[in-house]
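Pasting coords_24.txt here (compact mmCIF, C-alpha atoms):
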# COMPACT_ATOMS: atom_id res chain seq x y z
CA MET W 1 115.60 127.05 -24.69
CA ALA W 2 113.01 129.35 -23.16
CA TRP W 3 111.55 130.82 -19.98
CA HIS W 4 107.91 130.06 -19.26
CA LEU W 5 105.93 132.37 -16.95
CA THR W 6 102.69 131.85 -15.07
CA ASP W 7 100.72 133.31 -12.18
CA SER W 8 99.52 129.82 -11.21
CA ALA W 9 101.36 128.22 -8.31
CA ASP W 10 99.82 124.85 -9.17
CA GLU W 11 101.04 124.99 -12.78
CA PHE W 12 104.50 126.04 -11.62
CA TRP W 13 104.59 123.20 -9.09
CA SER W 14 103.47 120.61 -11.61
CA VAL W 15 106.23 121.57 -14.05
CA ALA W 16 109.11 122.79 -11.87
CA GLY W 17 108.41 120.98 -8.61
CA GLU W 18 110.50 117.93 -9.45
CA PHE W 19 113.43 120.16 -10.42
CA LEU W 20 113.25 122.05 -7.12
CA ARG W 21 112.85 118.88 -5.04
CA ALA W 22 115.95 117.35 -6.63
CA ARG W 23 118.07 119.85 -4.63
CA PRO W 24 115.83 120.66 -1.65
CA VAL W 25 118.60 122.19 0.47
CA GLU W 26 119.67 124.79 -2.08
CA ASN W 27 116.06 125.36 -3.16
CA SER W 28 114.57 125.48 0.34
CA LEU W 29 113.51 129.12 0.05
CA LEU W 30 111.61 128.70 -3.21
CA LEU W 31 110.09 125.40 -2.05
CA THR W 32 108.64 126.85 1.14
CA LEU W 33 107.46 130.07 -0.52
CA THR W 34 105.70 128.10 -3.25
CA ASP W 35 104.11 125.77 -0.71
CA THR W 36 102.72 128.76 1.19
CA LEU W 37 101.34 130.36 -1.96
CA ARG W 38 99.81 127.07 -3.15
CA THR W 39 98.28 125.81 0.05
CA ARG W 40 97.41 128.90 2.06
CA ASP W 41 97.03 132.12 0.09
CA PRO W 42 98.39 133.25 -3.30
CA HIS W 43 98.60 136.78 -1.84
CA TYR W 44 100.26 135.78 1.42
CA TYR W 45 103.27 138.03 0.72
CA GLY W 46 101.55 140.92 -1.06
CA ALA W 47 98.32 142.10 -2.67
CA ASP W 48 99.51 141.65 -6.28
CA ASP W 49 99.63 138.29 -8.04
CA PRO W 50 102.90 136.37 -7.74
CA LEU W 51 104.86 135.51 -10.86
CA PHE W 52 106.42 132.07 -11.33
CA GLY W 53 108.82 130.97 -14.03
CA TRP W 54 110.97 128.08 -15.17
CA PHE W 55 113.72 127.73 -17.75
CA GLU W 56 113.46 124.69 -20.01
CA SER W 57 116.20 123.30 -22.24
CA ALA W 58 116.11 120.03 -24.17
CA GLY W 59 112.89 119.10 -22.43
CA ALA W 60 114.31 119.53 -18.92
CA VAL W 61 113.84 122.31 -16.35
CA ARG W 62 117.20 123.90 -15.51
CA GLY W 63 116.21 126.97 -13.54
CA ALA W 64 113.26 128.57 -11.78
CA CYS W 65 112.18 131.96 -10.47
CA LEU W 66 109.50 133.57 -8.32
CA GLN W 67 108.48 137.12 -7.56
CA THR W 68 105.91 138.09 -4.94
CA PRO W 69 105.40 141.85 -5.49
CA PRO W 70 106.61 144.16 -4.09
CA HIS W 71 109.60 141.96 -3.20
CA ALA W 72 112.70 141.06 -5.21
CA LEU W 73 112.76 138.38 -7.88
CA ILE W 74 114.22 135.10 -6.59
CA ILE W 75 116.16 132.85 -8.96
CA ALA W 76 116.73 129.23 -7.99
CA GLY W 77 118.91 126.51 -9.42
CA ALA W 78 121.86 127.11 -11.68
CA PRO W 79 120.51 128.22 -15.05
CA PRO W 80 123.06 128.90 -17.81
CA ALA W 81 124.45 132.44 -17.92
CA GLU W 82 122.61 133.18 -21.16
CA ALA W 83 119.35 132.07 -19.55
CA VAL W 84 119.79 134.59 -16.73
CA ALA W 85 120.25 137.40 -19.25
CA GLU W 86 117.25 136.12 -21.23
CA LEU W 87 115.11 136.26 -18.07
CA ALA W 88 115.97 139.95 -17.71
CA THR W 89 114.82 140.49 -21.29
CA VAL W 90 111.53 138.65 -20.66
CA LEU W 91 110.82 140.70 -17.53
CA ALA W 92 112.06 144.09 -18.79
CA GLY W 93 108.54 145.55 -18.86
CA ARG W 94 107.81 144.52 -15.27
CA PRO W 95 108.64 146.73 -12.27
CA LEU W 96 111.28 144.90 -10.27
CA PRO W 97 112.78 146.22 -7.02
CA GLY W 98 115.70 143.81 -7.24
CA VAL W 99 116.93 140.25 -7.69
CA ASN W 100 117.92 137.64 -5.12
CA ALA W 101 120.08 134.81 -6.46
CA ARG W 102 123.41 133.06 -6.23
CA THR W 103 126.07 135.74 -6.45
CA VAL W 104 127.03 134.94 -10.05
CA ASP W 105 123.41 134.89 -11.22
CA SER W 106 122.42 138.02 -9.32
CA GLU W 107 125.30 139.95 -10.86
CA ALA W 108 124.54 138.63 -14.36
CA PHE W 109 120.86 139.51 -14.09
CA ALA W 110 121.66 142.99 -12.74
CA ALA W 111 124.07 143.67 -15.59
CA ALA W 112 121.42 142.72 -18.16
CA TRP W 113 118.75 144.70 -16.31
CA ARG W 114 120.92 147.83 -16.38
CA ARG W 115 121.42 147.51 -20.14
CA LEU W 116 117.74 146.91 -20.80
CA THR W 117 116.12 149.44 -18.46
CA GLY W 118 118.77 152.01 -17.62
CA ALA W 119 118.19 151.33 -13.93
CA THR W 120 120.99 151.50 -11.38
CA ALA W 121 121.84 148.29 -9.54
CA VAL W 122 122.98 148.68 -5.92
CA LEU W 123 124.44 145.88 -3.83
CA GLY W 124 121.98 144.96 -1.10
CA LYS W 125 121.98 142.16 1.42
CA GLN W 126 124.47 139.31 1.07
CA THR W 127 123.35 136.06 2.65
CA ARG W 128 124.93 132.68 3.31
CA LEU W 129 123.03 129.39 3.31
CA PHE W 130 124.11 126.93 6.01
CA ARG W 131 123.28 123.23 6.33
CA LEU W 132 123.55 121.32 9.59
CA ASP W 133 126.39 118.83 9.77
CA VAL W 134 126.42 117.53 13.36
CA LEU W 135 124.53 119.50 16.00
CA THR W 136 126.78 120.72 18.82
CA PRO W 137 124.63 122.37 21.50
CA PRO W 138 126.17 125.26 23.46
CA SER W 139 127.99 124.26 26.62
CA PRO W 140 127.20 125.42 29.15
CA LEU W 141 123.63 126.34 28.26
CA PRO W 142 122.33 129.65 29.60
CA PRO W 143 119.63 129.60 32.28
CA GLY W 144 116.16 128.73 31.04
CA THR W 145 114.26 126.20 28.96
CA ALA W 146 112.65 125.99 25.54
CA ARG W 147 108.94 125.56 24.98
CA VAL W 148 106.72 125.62 21.90
CA ALA W 149 104.81 128.90 21.63
CA MET W 150 101.05 128.81 22.21
CA ALA W 151 98.05 130.94 21.29
CA ALA W 152 98.43 132.86 24.56
CA ASP W 153 101.83 134.11 23.28
CA ARG W 154 100.38 135.58 20.08
CA ASP W 155 100.63 139.27 20.99
CA LEU W 156 104.29 138.90 21.96
CA LEU W 157 105.04 136.87 18.83
CA VAL W 158 103.55 139.54 16.57
CA VAL W 159 105.68 142.24 18.21
CA TRP W 160 108.86 140.18 18.04
CA LEU W 161 108.31 139.05 14.45
CA ALA W 162 107.81 142.68 13.39
CA ALA W 163 110.97 143.68 15.27
CA PHE W 164 112.92 140.85 13.65
CA HIS W 165 112.03 142.00 10.13
CA ARG W 166 112.62 145.64 11.09
CA ASP W 167 116.13 144.73 12.26
CA LEU W 168 116.75 142.97 8.94
CA GLY W 169 115.46 145.94 6.98
CA ASP W 170 112.73 143.94 5.25
CA HIS W 171 108.98 143.80 5.64
CA ILE W 172 107.97 140.44 4.23
CA GLY W 173 104.36 139.60 4.93
CA ASP W 174 102.12 140.41 7.88
CA PRO W 175 103.59 139.52 11.32
CA ALA W 176 100.12 138.68 12.67
CA ARG W 177 99.40 136.34 9.78
CA THR W 178 102.84 134.78 10.13
CA ALA W 179 102.29 134.24 13.85
CA ASP W 180 98.93 132.58 13.25
CA ASP W 181 100.34 130.32 10.55
CA ARG W 182 103.34 129.28 12.65
CA LEU W 183 101.17 128.67 15.71
CA SER W 184 98.97 126.35 13.66
CA TYR W 185 101.75 123.76 13.42
CA GLY W 186 103.99 124.55 16.40
CA GLY W 187 106.45 126.47 14.24
CA LEU W 188 107.65 128.97 16.88
CA THR W 189 109.58 128.23 20.06
CA LEU W 190 110.42 130.48 23.01
CA TRP W 191 113.35 130.35 25.41
CA GLU W 192 112.13 131.24 28.88
CA VAL W 193 113.97 132.26 32.03
CA ARG W 194 111.89 132.00 35.20
CA GLY W 195 108.74 131.97 33.11
CA GLU W 196 109.66 135.05 31.05
CA PRO W 197 110.30 134.73 27.28
CA VAL W 198 113.75 136.04 26.35
CA SER W 199 114.33 134.68 22.84
CA LEU W 200 112.42 133.30 19.85
CA SER W 201 113.19 130.86 17.09
CA GLY W 202 111.07 129.17 14.47
CA ALA W 203 111.10 126.48 11.83
CA THR W 204 109.32 126.08 8.52
CA ARG W 205 107.12 123.14 7.72
CA PRO W 206 109.18 120.24 6.34
CA GLU W 207 109.44 120.41 2.56
CA SER W 208 111.10 117.55 0.69
CA GLY W 209 112.75 116.51 3.95
CA VAL W 210 114.23 119.95 4.67
CA VAL W 211 113.36 122.28 7.56
CA ARG W 212 114.65 125.87 7.55
CA ILE W 213 115.29 127.63 10.86
CA ALA W 214 113.81 131.14 10.81
CA PRO W 215 113.49 133.51 12.47
CA VAL W 216 115.98 133.72 15.34
CA TYR W 217 115.32 136.82 17.44
CA THR W 218 116.40 138.12 20.84
CA PRO W 219 115.37 141.63 21.96
CA SER W 220 118.34 143.99 21.99
CA GLY W 221 118.47 144.36 25.77
CA LEU W 222 118.76 140.59 26.23
CA ARG W 223 121.46 139.83 23.66
CA GLY W 224 124.91 138.50 24.45
CA ARG W 225 123.67 136.01 27.06
CA GLY W 226 123.65 132.86 24.93
CA TYR W 227 119.89 132.71 24.39
CA ALA W 228 120.07 132.70 20.57
CA GLY W 229 122.40 129.73 20.52
CA ALA W 230 120.29 127.84 23.04
CA ILE W 231 116.98 128.40 21.26
CA THR W 232 118.46 127.64 17.82
CA SER W 233 119.93 124.41 19.15
CA ALA W 234 116.60 123.42 20.71
CA VAL W 235 114.62 124.10 17.51
CA THR W 236 117.22 122.29 15.41
CA GLN W 237 117.04 119.24 17.66
CA ALA W 238 113.25 119.29 17.50
CA ALA W 239 113.39 119.29 13.69
CA LEU W 240 115.76 116.31 13.73
CA ASP W 241 113.57 114.48 16.24
CA ALA W 242 110.57 115.05 13.96
CA GLY W 243 112.39 113.34 11.09
CA ALA W 244 113.98 116.14 9.05
CA ASP W 245 116.64 114.88 6.63
CA ASP W 246 118.36 118.27 6.56
CA VAL W 247 118.13 121.45 8.61
CA VAL W 248 119.23 124.74 7.03
CA LEU W 249 119.30 128.45 7.79
CA PHE W 250 120.35 131.73 6.21
CA THR W 251 122.62 134.33 7.77
CA ASP W 252 123.51 137.90 6.89
CA MET W 253 127.13 137.81 5.73
CA ALA W 254 127.63 141.25 7.28
CA ASN W 255 126.95 139.80 10.74
CA PRO W 256 130.05 137.87 11.89
CA THR W 257 128.45 137.14 15.27
CA SER W 258 125.59 135.07 13.85
CA ASN W 259 127.82 133.39 11.28
CA GLY W 260 130.24 132.32 14.01
CA LEU W 261 127.42 131.17 16.28
CA TYR W 262 125.85 128.86 13.74
CA MET W 263 129.19 127.33 12.79
CA ARG W 264 129.81 126.56 16.49
CA LEU W 265 126.42 124.83 16.56
CA GLY W 266 127.48 122.57 13.71
CA TYR W 267 126.14 124.38 10.64
CA ARG W 268 128.37 124.57 7.55
CA PRO W 269 128.15 127.12 4.70
CA ILE W 270 127.14 125.76 1.31
CA GLU W 271 126.04 128.73 -0.83
CA GLU W 272 126.15 132.52 -0.95
CA ARG W 273 123.40 134.71 -2.35
CA VAL W 274 123.24 138.42 -3.17
CA VAL W 275 120.36 140.85 -3.44
CA MET W 276 120.89 143.51 -6.09
CA GLU W 277 118.49 146.43 -5.63
CA PHE W 278 117.31 148.37 -8.66
CA LYS W 279 116.91 152.14 -8.58
CA PRO W 280 115.50 154.33 -11.40

Take the structure I supplied and represent it as structure tokens, if you would.
Amino acid sequence: MAWHLTDSADEFWSVAGEFLRARPVENSLLLTLTDTLRTRDPHYYGADDPLFGWFESAGAVRGACLQTPPHALIIAGAPPAEAVAELATVLAGRPLPGVNARTVDSEAFAAAWRRLTGATAVLGKQTRLFRLDVLTPPSPLPPGTARVAMAADRDLLVVWLAAFHRDLGDHIGDPARTADDRLSYGGLTLWEVRGEPVSLSGATRPESGVVRIAPVYTPSGLRGRGYAGAITSAVTQAALDAGADDVVLFTDMANPTSNGLYMRLGYRPIEERVVMEFKP
């Protein structure tokens, strides 16, 4: 039993890709991140080289991980408890700002990291993964219509994407680069009222039959009018129409409004994840 590490997205994909694709819903985050790093830019999420890893036991991959500095380590799959602690040992000489994993794995890694490095582990964001069951659009819908964003919307998209990540308290990637990438495949949609954009939602490229809805953003002065539900429903339906086998999204567990909204739209919770932040 051992962890294997590499800075090569292609090597990681060739070894761990089949493992990740076997559970594409639960592994949606790692699948789409790896696809971006492989096919567009290995430094898409930061200037330093990403680190990939997989845990192998009896000739089979049973867990995987990815870190794109300066962001938290992501652990995917359900590696054995001893493997999670072993990963902390393997990475003990590497600066890590935190770990993002299933709750049990995040807590196990943080406990081992504290013992090995003396760092303090602080509970960060808690997220819930939802998978669509049967789409139930809002009724009645608010005024307005959905349309796919175009190049002429780019300036607005950059501002709204930056605001979305600012609201979440993260700064993953460059909003301008994200806007350009999403525009290249129709991955952002606007809800408009009388020709004015009032809400934004997006979808990842399909990966192993799964599309993840992200982001969903409405400017603060326009919230509470049903736009988020309408735009999320429209983007979800578009993903289904395009042939997605599953549609998923993440929510902040501290936000009961969004959790309730997505359940009303027909999404059902399937997994909870925790970010543990490490402090010296």

Task: Surrounding residues of Ser8 in chain W excluding itself and chain neighbours under 6 positions, 10 Å, all atoms listed in the file, as a list in words - done: Leu37, Arg38, Pro42, Asp49, Pro50, Leu51, Phe52 and Gly53 of chain W

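When CA of Arg40 in chain W is paired with CA of Leu190 in chain W, their separation reads 24.7 Å.
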
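If only C-alpha atoms are the atoms counted, then among W:Leu33, W:Met263, W:Ala238, W:Leu91 the closest residue to Leu132 in chain W is W:Met263.
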
What are the closest atom pairs, with distances in Å to one decimal, for all residues of range 174-279 of chain W lying within 12 Å of range 113-120 of chain W? Consider only C-alpha atoms, order rows by chain and residue number, and present the result as JSON lines.
{"residue": "W:Met276", "atom": "CA", "partner": "W:Thr120", "partner_atom": "CA", "distance": 9.6}
{"residue": "W:Glu277", "atom": "CA", "partner": "W:Thr120", "partner_atom": "CA", "distance": 8.1}
{"residue": "W:Phe278", "atom": "CA", "partner": "W:Thr120", "partner_atom": "CA", "distance": 5.5}
{"residue": "W:Lys279", "atom": "CA", "partner": "W:Thr120", "partner_atom": "CA", "distance": 5.0}

Need to verify the contact set: Tyr267 in chain W, 10 Å, all atoms listed in the file, exclusion of same-chain residues closer than 4 positions in sequence. Can you return it as a PDB file with C-alpha atoms, keeping the file's coordinate frame?
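Contents of part18.pdb, freshly written:
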ATOM      1  CA  LEU W 129     123.030 129.390   3.310  1.00  0.00           C
ATOM      2  CA  PHE W 130     124.110 126.930   6.010  1.00  0.00           C
ATOM      3  CA  ARG W 131     123.280 123.230   6.330  1.00  0.00           C
ATOM      4  CA  LEU W 132     123.550 121.320   9.590  1.00  0.00           C
ATOM      5  CA  ASP W 133     126.390 118.830   9.770  1.00  0.00           C
ATOM      6  CA  VAL W 134     126.420 117.530  13.360  1.00  0.00           C
ATOM      7  CA  LEU W 135     124.530 119.500  16.000  1.00  0.00           C
ATOM      8  CA  THR W 136     126.780 120.720  18.820  1.00  0.00           C
ATOM      9  CA  VAL W 247     118.130 121.450   8.610  1.00  0.00           C
ATOM     10  CA  VAL W 248     119.230 124.740   7.030  1.00  0.00           C
ATOM     11  CA  LEU W 249     119.300 128.450   7.790  1.00  0.00           C
ATOM     12  CA  ASN W 259     127.820 133.390  11.280  1.00  0.00           C
ATOM     13  CA  GLY W 260     130.240 132.320  14.010  1.00  0.00           C
ATOM     14  CA  LEU W 261     127.420 131.170  16.280  1.00  0.00           C
ATOM     15  CA  TYR W 262     125.850 128.860  13.740  1.00  0.00           C
ATOM     16  CA  MET W 263     129.190 127.330  12.790  1.00  0.00           C
TER      17      MET W 263
END

Task: Option closest in space to Pro138 in chain W, from W:Asp35, W:Val15, W:Thr232, W:Thr251 [counting all atoms listed in the file] - done: W:Thr232

Task: CA of Thr189 in chain W to CA of Phe164 in chain W, distance in Å rounded to a single decimal - done: 14.5 Å

Task: Best match for closeness to Arg264 in chain W among W:Ala152, W:Ala230, W:Leu240, W:Ala88, counting only C-alpha atoms - done: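 Ranked by minimum distance to Arg264 in chain W, first place goes to W:Ala230.
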
Task: Shortest interatomic distance to Gly229 in chain W - which of W:Gly93, W:Pro256, W:Gly77, W:Pro137, counting all atoms listed in the file - done: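 When distances to Gly229 in chain W are compared using all atoms listed in the file, the smallest one comes from W:Pro137.
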
TODO: Go ahead and compute the interatomic distance for CA of Val210 in chain W and CA of Leu31 in chain W, in Å to one decimal.
DONE: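 So the answer is 9.6 Å.
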
Open item on the list: Nearest residue to Ser14 in chain W out of W:Ala92, W:Leu141, W:Ile213, W:Val61, using all atoms listed in the file?
Closed with: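 Checking each of W:Ala92, W:Leu141, W:Ile213, W:Val61 against Ser14 in chain W, counting all atoms listed in the file, the winner is W:Val61.
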
TODO: Go through W:Thr32, W:Gln67, W:Ser106, W:Asp170 and flag the residue nearest Gly17 in chain W, using only C-alpha atoms for the distances.
DONE: W:Thr32

Please, what is the axis-aligned box for every listed atom of range 37-51 of chain W with 3 Å on each side, as centre and edge lengths in Å to one decimal, as AutoDock Vina command-line options?
--center_x 100.9 --center_y 134.0 --center_z -4.4 --size_x 13.8 --size_y 22.3 --size_z 18.9

Place a sphere of radius 10 Å on (115.5, 137.9, -8.3) in the file coordinates and name every protein, DNA or RNA residue with an atom inside or on its surface, counting all atoms listed in the file; give the answer as an mmCIF file with C-alpha atoms, keeping the file's coordinate frame.
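Writing done, so here's part_35.cif:
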data_model
loop_
_atom_site.group_PDB
_atom_site.id
_atom_site.type_symbol
_atom_site.label_atom_id
_atom_site.label_comp_id
_atom_site.auth_asym_id
_atom_site.auth_seq_id
_atom_site.Cartn_x
_atom_site.Cartn_y
_atom_site.Cartn_z
ATOM 1 C CA CYS W 65 112.180 131.960 -10.470
ATOM 2 C CA LEU W 66 109.500 133.570 -8.320
ATOM 3 C CA GLN W 67 108.480 137.120 -7.560
ATOM 4 C CA HIS W 71 109.600 141.960 -3.200
ATOM 5 C CA ALA W 72 112.700 141.060 -5.210
ATOM 6 C CA LEU W 73 112.760 138.380 -7.880
ATOM 7 C CA ILE W 74 114.220 135.100 -6.590
ATOM 8 C CA ILE W 75 116.160 132.850 -8.960
ATOM 9 C CA ALA W 76 116.730 129.230 -7.990
ATOM 10 C CA LEU W 87 115.110 136.260 -18.070
ATOM 11 C CA ALA W 88 115.970 139.950 -17.710
ATOM 12 C CA LEU W 96 111.280 144.900 -10.270
ATOM 13 C CA PRO W 97 112.780 146.220 -7.020
ATOM 14 C CA GLY W 98 115.700 143.810 -7.240
ATOM 15 C CA VAL W 99 116.930 140.250 -7.690
ATOM 16 C CA ASN W 100 117.920 137.640 -5.120
ATOM 17 C CA ALA W 101 120.080 134.810 -6.460
ATOM 18 C CA ARG W 102 123.410 133.060 -6.230
ATOM 19 C CA ASP W 105 123.410 134.890 -11.220
ATOM 20 C CA SER W 106 122.420 138.020 -9.320
ATOM 21 C CA PHE W 109 120.860 139.510 -14.090
ATOM 22 C CA ALA W 110 121.660 142.990 -12.740
ATOM 23 C CA VAL W 274 123.240 138.420 -3.170
ATOM 24 C CA VAL W 275 120.360 140.850 -3.440
ATOM 25 C CA MET W 276 120.890 143.510 -6.090
ATOM 26 C CA GLU W 277 118.490 146.430 -5.630
#

TODO: Give me the residues within 12 Å of Asp155 in chain W as a VMD selection string, counting all atoms listed in the file and dropping any in the same chain fewer than 2 places off.
DONE: chain W and resid 149 to 153 157 to 162 175 to 180 183

Extract range 104-136 of chain W from the structure I just pasted (atoms: N, CA and C atoms) and return it as an mmCIF file, in the first residue's frame.
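The file below, part18.cif, is the result:
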data_model
loop_
_atom_site.group_PDB
_atom_site.id
_atom_site.type_symbol
_atom_site.label_atom_id
_atom_site.label_comp_id
_atom_site.auth_asym_id
_atom_site.auth_seq_id
_atom_site.Cartn_x
_atom_site.Cartn_y
_atom_site.Cartn_z
ATOM 1 N N VAL W 104 -15.030 12.775 7.311
ATOM 2 C CA VAL W 104 -14.221 11.825 8.076
ATOM 3 C C VAL W 104 -12.766 11.871 7.629
ATOM 4 N N ASP W 105 -12.523 12.036 6.331
ATOM 5 C CA ASP W 105 -11.148 12.065 5.835
ATOM 6 C C ASP W 105 -10.462 13.390 6.158
ATOM 7 N N SER W 106 -11.209 14.481 6.072
ATOM 8 C CA SER W 106 -10.641 15.782 6.397
ATOM 9 C C SER W 106 -10.213 15.825 7.855
ATOM 10 N N GLU W 107 -11.045 15.308 8.729
ATOM 11 C CA GLU W 107 -10.709 15.298 10.154
ATOM 12 C C GLU W 107 -9.525 14.384 10.440
ATOM 13 N N ALA W 108 -9.464 13.228 9.773
ATOM 14 C CA ALA W 108 -8.347 12.302 9.987
ATOM 15 C C ALA W 108 -7.038 12.895 9.487
ATOM 16 N N PHE W 109 -7.075 13.533 8.319
ATOM 17 C CA PHE W 109 -5.860 14.151 7.791
ATOM 18 C C PHE W 109 -5.405 15.284 8.706
ATOM 19 N N ALA W 110 -6.346 16.113 9.158
ATOM 20 C CA ALA W 110 -5.991 17.238 10.025
ATOM 21 C C ALA W 110 -5.371 16.764 11.336
ATOM 22 N N ALA W 111 -5.901 15.683 11.888
ATOM 23 C CA ALA W 111 -5.336 15.160 13.135
ATOM 24 C C ALA W 111 -3.895 14.710 12.924
ATOM 25 N N ALA W 112 -3.634 14.014 11.813
ATOM 26 C CA ALA W 112 -2.272 13.569 11.521
ATOM 27 C C ALA W 112 -1.373 14.757 11.226
ATOM 28 N N TRP W 113 -1.892 15.753 10.523
ATOM 29 C CA TRP W 113 -1.095 16.936 10.182
ATOM 30 C C TRP W 113 -0.675 17.705 11.438
ATOM 31 N N ARG W 114 -1.586 17.793 12.409
ATOM 32 C CA ARG W 114 -1.250 18.460 13.673
ATOM 33 C C ARG W 114 -0.107 17.737 14.379
ATOM 34 N N ARG W 115 -0.187 16.409 14.421
ATOM 35 C CA ARG W 115 0.854 15.632 15.106
ATOM 36 C C ARG W 115 2.202 15.794 14.411
ATOM 37 N N LEU W 116 2.183 15.830 13.079
ATOM 38 C CA LEU W 116 3.423 15.836 12.319
ATOM 39 C C LEU W 116 4.076 17.211 12.235
ATOM 40 N N THR W 117 3.272 18.265 12.178
ATOM 41 C CA THR W 117 3.807 19.606 11.908
ATOM 42 C C THR W 117 3.639 20.588 13.044
ATOM 43 N N GLY W 118 2.786 20.260 14.014
ATOM 44 C CA GLY W 118 2.511 21.195 15.093
ATOM 45 C C GLY W 118 1.571 22.310 14.703
ATOM 46 N N ALA W 119 1.046 22.260 13.475
ATOM 47 C CA ALA W 119 0.126 23.295 13.016
ATOM 48 C C ALA W 119 -1.221 23.180 13.727
ATOM 49 N N THR W 120 -1.947 24.262 13.750
ATOM 50 C CA THR W 120 -3.310 24.278 14.271
ATOM 51 C C THR W 120 -4.277 24.068 13.109
ATOM 52 N N ALA W 121 -5.278 23.236 13.334
ATOM 53 C CA ALA W 121 -6.294 22.993 12.309
ATOM 54 C C ALA W 121 -7.592 23.678 12.729
ATOM 55 N N VAL W 122 -8.112 24.538 11.861
ATOM 56 C CA VAL W 122 -9.320 25.311 12.140
ATOM 57 C C VAL W 122 -10.408 24.902 11.146
ATOM 58 N N LEU W 123 -11.604 24.668 11.658
ATOM 59 C CA LEU W 123 -12.708 24.297 10.782
ATOM 60 C C LEU W 123 -13.032 25.448 9.841
ATOM 61 N N GLY W 124 -12.998 25.156 8.547
ATOM 62 C CA GLY W 124 -13.335 26.144 7.534
ATOM 63 C C GLY W 124 -14.706 25.859 6.943
ATOM 64 N N LYS W 125 -14.800 25.983 5.644
ATOM 65 C CA LYS W 125 -16.090 25.830 4.977
ATOM 66 C C LYS W 125 -16.564 24.374 4.986
ATOM 67 N N GLN W 126 -17.846 24.199 5.229
ATOM 68 C CA GLN W 126 -18.491 22.892 5.144
ATOM 69 C C GLN W 126 -19.442 22.925 3.954
ATOM 70 N N THR W 127 -19.261 21.979 3.041
ATOM 71 C CA THR W 127 -20.070 21.974 1.826
ATOM 72 C C THR W 127 -20.855 20.678 1.708
ATOM 73 N N ARG W 128 -21.913 20.758 0.929
ATOM 74 C CA ARG W 128 -22.768 19.588 0.681
ATOM 75 C C ARG W 128 -22.888 19.393 -0.817
ATOM 76 N N LEU W 129 -22.649 18.165 -1.272
ATOM 77 C CA LEU W 129 -22.795 17.823 -2.684
ATOM 78 C C LEU W 129 -24.217 17.332 -2.930
ATOM 79 N N PHE W 130 -24.874 17.936 -3.924
ATOM 80 C CA PHE W 130 -26.225 17.559 -4.315
ATOM 81 C C PHE W 130 -26.207 16.956 -5.719
ATOM 82 N N ARG W 131 -27.077 15.976 -5.939
ATOM 83 C CA ARG W 131 -27.294 15.424 -7.278
ATOM 84 C C ARG W 131 -28.760 15.590 -7.642
ATOM 85 N N LEU W 132 -29.018 15.963 -8.891
ATOM 86 C CA LEU W 132 -30.390 16.140 -9.343
ATOM 87 C C LEU W 132 -31.140 14.811 -9.352
ATOM 88 N N ASP W 133 -32.343 14.840 -8.787
ATOM 89 C CA ASP W 133 -33.244 13.699 -8.881
ATOM 90 C C ASP W 133 -34.201 13.964 -10.041
ATOM 91 N N VAL W 134 -35.245 14.724 -9.812
ATOM 92 C CA VAL W 134 -36.175 15.130 -10.871
ATOM 93 C C VAL W 134 -36.293 16.649 -10.800
ATOM 94 N N LEU W 135 -35.988 17.312 -11.898
ATOM 95 C CA LEU W 135 -36.025 18.774 -11.911
ATOM 96 C C LEU W 135 -37.458 19.272 -11.728
ATOM 97 N N THR W 136 -37.616 20.199 -10.768
ATOM 98 C CA THR W 136 -38.904 20.829 -10.503
ATOM 99 C C THR W 136 -38.718 22.338 -10.609
#
